[in-house]
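Colleague: File name structure-v8.csv; file contents CSV, N, CA and C atoms; full text below.
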chain,number,residue,atom,x,y,z
H,22,MET,N,0.8,-1.2,0.0
H,22,MET,CA,0.0,0.0,0.0
H,22,MET,C,0.9,1.3,0.0
H,23,GLU,N,2.0,1.2,0.7
H,23,GLU,CA,2.9,2.4,0.8
H,23,GLU,C,3.5,2.6,-0.6
H,24,ILE,N,3.8,1.6,-1.3
H,24,ILE,CA,4.4,1.7,-2.7
H,24,ILE,C,3.5,2.4,-3.6
H,25,LEU,N,2.2,2.1,-3.5
H,25,LEU,CA,1.2,2.8,-4.4
H,25,LEU,C,1.1,4.3,-4.1
H,26,ALA,N,1.2,4.7,-2.8
H,26,ALA,CA,1.1,6.1,-2.5
H,26,ALA,C,2.4,6.8,-3.0
H,27,LEU,N,3.5,6.1,-2.9
H,27,LEU,CA,4.8,6.7,-3.5
H,27,LEU,C,4.7,6.9,-5.0
H,28,GLU,N,4.1,6.0,-5.6
H,28,GLU,CA,3.9,6.1,-7.1
H,28,GLU,C,3.0,7.2,-7.5
H,29,ASP,N,1.9,7.4,-6.7
H,29,ASP,CA,1.0,8.5,-7.0
H,29,ASP,C,1.7,9.8,-6.8
H,30,PHE,N,2.5,9.9,-5.7
H,30,PHE,CA,3.2,11.1,-5.5
H,30,PHE,C,4.2,11.4,-6.6
H,31,VAL,N,4.9,10.4,-7.1
H,31,VAL,CA,5.9,10.6,-8.1
H,31,VAL,C,5.2,11.0,-9.4
H,32,VAL,N,4.1,10.4,-9.7
H,32,VAL,CA,3.3,10.8,-10.9
H,32,VAL,C,2.8,12.2,-10.8
H,33,GLY,N,2.2,12.5,-9.6
H,33,GLY,CA,1.7,13.9,-9.4
H,33,GLY,C,2.8,14.9,-9.5
H,34,PHE,N,4.0,14.6,-9.0
H,34,PHE,CA,5.1,15.5,-9.1
H,34,PHE,C,5.5,15.7,-10.5
H,35,GLY,N,5.5,14.7,-11.3
H,35,GLY,CA,5.9,14.8,-12.7
H,35,GLY,C,4.9,15.6,-13.5
H,36,VAL,N,3.6,15.4,-13.2
H,36,VAL,CA,2.6,16.2,-13.8
H,36,VAL,C,2.7,17.7,-13.4
H,37,ALA,N,2.9,18.0,-12.2
H,37,ALA,CA,3.1,19.4,-11.7
H,37,ALA,C,4.3,20.0,-12.3
H,38,PHE,N,5.4,19.3,-12.4
H,38,PHE,CA,6.6,19.8,-13.0
H,38,PHE,C,6.5,20.1,-14.5
H,39,THR,N,5.8,19.2,-15.2
H,39,THR,CA,5.5,19.4,-16.6
H,39,THR,C,4.6,20.6,-16.8
H,40,ALA,N,3.6,20.8,-15.9
H,40,ALA,CA,2.7,21.9,-16.1
H,40,ALA,C,3.5,23.2,-15.8
H,41,LEU,N,4.4,23.2,-14.8
H,41,LEU,CA,5.2,24.4,-14.5
H,41,LEU,C,6.1,24.8,-15.7
H,42,LEU,N,6.7,23.8,-16.4
H,42,LEU,CA,7.5,24.1,-17.6
H,42,LEU,C,6.7,24.6,-18.7
H,43,ALA,N,5.5,24.1,-18.9
H,43,ALA,CA,4.6,24.6,-19.9
H,43,ALA,C,4.2,26.0,-19.6
H,44,LEU,N,3.9,26.3,-18.4
H,44,LEU,CA,3.5,27.7,-18.0
H,44,LEU,C,4.7,28.7,-18.3
H,45,ILE,N,5.9,28.3,-17.9
H,45,ILE,CA,7.0,29.1,-18.2
H,45,ILE,C,7.2,29.3,-19.7
H,46,GLY,N,7.0,28.2,-20.5
H,46,GLY,CA,7.2,28.3,-21.9
H,46,GLY,C,6.1,29.2,-22.6
H,47,VAL,N,4.9,29.1,-22.1
H,47,VAL,CA,3.8,30.0,-22.7
H,47,VAL,C,4.1,31.4,-22.3
H,48,THR,N,4.5,31.7,-21.1
H,48,THR,CA,4.8,33.1,-20.6
H,48,THR,C,5.9,33.7,-21.5
H,49,ALA,N,7.0,32.9,-21.7
H,49,ALA,CA,8.1,33.4,-22.5
H,49,ALA,C,7.7,33.7,-23.9
H,50,TRP,N,6.8,32.8,-24.4
H,50,TRP,CA,6.3,33.0,-25.8
H,50,TRP,C,5.5,34.3,-25.9
H,51,VAL,N,4.6,34.5,-25.0
H,51,VAL,CA,3.8,35.7,-25.0
H,51,VAL,C,4.7,37.0,-24.9
H,52,VAL,N,5.7,37.0,-24.0
H,52,VAL,CA,6.5,38.1,-23.8
H,52,VAL,C,7.4,38.4,-25.1
H,53,LEU,N,8.0,37.3,-25.6
H,53,LEU,CA,8.8,37.5,-26.8
H,53,LEU,C,8.0,37.9,-28.0
H,54,ALA,N,6.8,37.4,-28.2
H,54,ALA,CA,5.9,37.8,-29.3
H,54,ALA,C,5.5,39.3,-29.2
H,55,GLY,N,5.2,39.7,-28.0
H,55,GLY,CA,4.9,41.1,-27.8
H,55,GLY,C,6.1,42.0,-28.1
H,56,MET,N,7.3,41.6,-27.7
H,56,MET,CA,8.5,42.4,-28.0
H,56,MET,C,8.7,42.4,-29.5
H,57,ALA,N,8.5,41.3,-30.2
H,57,ALA,CA,8.7,41.2,-31.7
H,57,ALA,C,7.7,42.2,-32.4
H,58,GLU,N,6.5,42.2,-31.9
H,58,GLU,CA,5.5,43.1,-32.5
H,58,GLU,C,5.8,44.6,-32.3
H,59,GLU,N,6.3,44.9,-31.1
H,59,GLU,CA,6.7,46.3,-30.8
H,59,GLU,C,7.9,46.7,-31.7
H,60,GLU,N,8.9,45.8,-31.8
H,60,GLU,CA,10.1,46.1,-32.6
H,60,GLU,C,9.7,46.2,-34.1
H,61,ALA,N,8.8,45.4,-34.6
H,61,ALA,CA,8.3,45.5,-36.0
H,61,ALA,C,7.6,46.8,-36.2
H,62,ALA,N,7.0,47.4,-35.2
H,62,ALA,CA,6.4,48.7,-35.4
H,62,ALA,C,7.4,49.8,-35.3
H,63,GLY,N,8.6,49.5,-34.9
H,63,GLY,CA,9.6,50.6,-34.9
H,63,GLY,C,10.1,51.0,-33.5
H,64,ALA,N,9.6,50.4,-32.5
H,64,ALA,CA,10.0,50.7,-31.1
H,64,ALA,C,11.3,50.0,-30.8
H,65,ARG,N,12.2,50.7,-30.1
H,65,ARG,CA,13.5,50.1,-29.6
H,65,ARG,C,13.3,49.6,-28.2
H,66,LEU,N,13.4,48.3,-28.0
H,66,LEU,CA,13.2,47.7,-26.7
H,66,LEU,C,14.4,47.2,-26.0
H,67,LEU,N,15.5,47.0,-26.8
H,67,LEU,CA,16.7,46.5,-26.2
H,67,LEU,C,17.6,47.6,-25.7
H,68,TRP,N,18.2,47.5,-24.5
H,68,TRP,CA,19.0,48.6,-24.0
H,68,TRP,C,20.3,48.7,-24.8
H,69,ALA,N,20.7,47.7,-25.5
H,69,ALA,CA,22.0,47.8,-26.2
H,69,ALA,C,21.8,48.6,-27.5
H,70,GLU,N,20.6,48.8,-27.9
H,70,GLU,CA,20.4,49.6,-29.1
H,70,GLU,C,20.2,51.1,-28.8
H,71,TRP,N,20.1,51.5,-27.6
H,71,TRP,CA,19.9,52.9,-27.3
H,71,TRP,C,21.2,53.6,-27.5
H,72,PRO,N,21.1,54.9,-27.8
H,72,PRO,CA,22.3,55.7,-28.0
H,72,PRO,C,23.1,55.8,-26.7
H,73,ALA,N,24.4,55.9,-26.9
H,73,ALA,CA,25.3,56.0,-25.7
H,73,ALA,C,25.1,57.4,-25.0
H,74,ASP,N,25.3,57.4,-23.7
H,74,ASP,CA,25.3,58.6,-23.0
H,74,ASP,C,26.3,59.6,-23.4
H,75,GLU,N,26.1,60.9,-23.3
H,75,GLU,CA,27.1,61.9,-23.8
H,75,GLU,C,28.4,61.8,-22.9
H,76,LYS,N,28.3,61.3,-21.7
H,76,LYS,CA,29.5,61.3,-20.8
H,76,LYS,C,30.5,60.2,-21.2
H,77,VAL,N,30.1,59.3,-22.1
H,77,VAL,CA,31.0,58.2,-22.4
H,77,VAL,C,32.0,58.7,-23.4
H,78,ALA,N,33.3,58.5,-23.1
H,78,ALA,CA,34.4,58.9,-24.0
H,78,ALA,C,34.6,57.8,-25.0
H,79,PRO,N,34.9,58.3,-26.3
H,79,PRO,CA,35.2,57.3,-27.3
H,79,PRO,C,36.4,56.5,-27.1
H,80,VAL,N,36.5,55.3,-27.5
H,80,VAL,CA,37.7,54.5,-27.3
H,80,VAL,C,38.7,54.9,-28.3
H,81,ARG,N,40.0,55.1,-27.8
H,81,ARG,CA,41.0,55.4,-28.7
H,81,ARG,C,41.5,54.2,-29.5
H,82,LYS,N,42.1,54.5,-30.6
H,82,LYS,CA,42.6,53.4,-31.5
H,82,LYS,C,43.9,52.9,-30.9
H,83,VAL,N,44.1,51.6,-30.8
H,83,VAL,CA,45.4,51.0,-30.3
H,83,VAL,C,46.1,50.3,-31.5
H,84,GLU,N,47.4,50.6,-31.7
H,84,GLU,CA,48.1,50.0,-32.8
H,84,GLU,C,49.0,48.9,-32.2
H,85,PHE,N,48.9,47.7,-32.7
H,85,PHE,CA,49.7,46.5,-32.3
H,85,PHE,C,50.9,46.3,-33.2
H,86,ARG,N,52.0,46.1,-32.6
H,86,ARG,CA,53.2,45.9,-33.4
H,86,ARG,C,53.8,44.5,-33.0
H,87,ILE,N,54.2,43.8,-34.0
H,87,ILE,CA,54.7,42.4,-33.8
H,87,ILE,C,56.3,42.6,-33.8
H,88,ALA,N,56.9,42.0,-32.8
H,88,ALA,CA,58.4,42.0,-32.7
H,88,ALA,C,59.0,41.2,-33.8
H,89,ALA,N,60.1,41.7,-34.4
H,89,ALA,CA,60.7,40.9,-35.5
H,89,ALA,C,61.6,39.9,-35.0
As a first step, turn the structure in this file into structure tokens.
Modeller:
Amino acid sequence: MEILALEDFVVGFGVAFTALLALIGVTAWVVLAGMAEEEAAGARLLWAEWPADEKVAPVRKVEFRIAA
């Protein structure tokens, strides 16, 4: 009798875990689809695409020399 209860628990845990993964997947899909629609409309959503702050100094060019 105890073995059957353990099996029910394991099956229930598997179902709950699978449902949690499905919920995370659906949530990610909705968020990414919304971002794609906004970017297709011309909005910039990623912080890496925003213009740099005026206080940022440009990087100077470095010349590498190979020893002979």
Colleague: As an exercise, work out the distance from CA of Glu59 in chain H to CA of Ile45 in chain H in Å and give it to one decimal place.
Modeller: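 Between CA of Glu59 in chain H and CA of Ile45 in chain H the gap is 21.3 Å.
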Colleague: What is the distance, in Å and to one decimal place, between CA of Phe34 in chain H and CA of Trp50 in chain H?
Modeller: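 According to the coordinates, CA of Phe34 in chain H and CA of Trp50 in chain H are separated by 24.2 Å.
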Colleague: Just to confirm, what's the straight-line distance from CA of Phe38 in chain H to CA of Val51 in chain H in Å (one decimal)?
Modeller: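 Rounded to one decimal, the two atoms are 20.1 Å apart.
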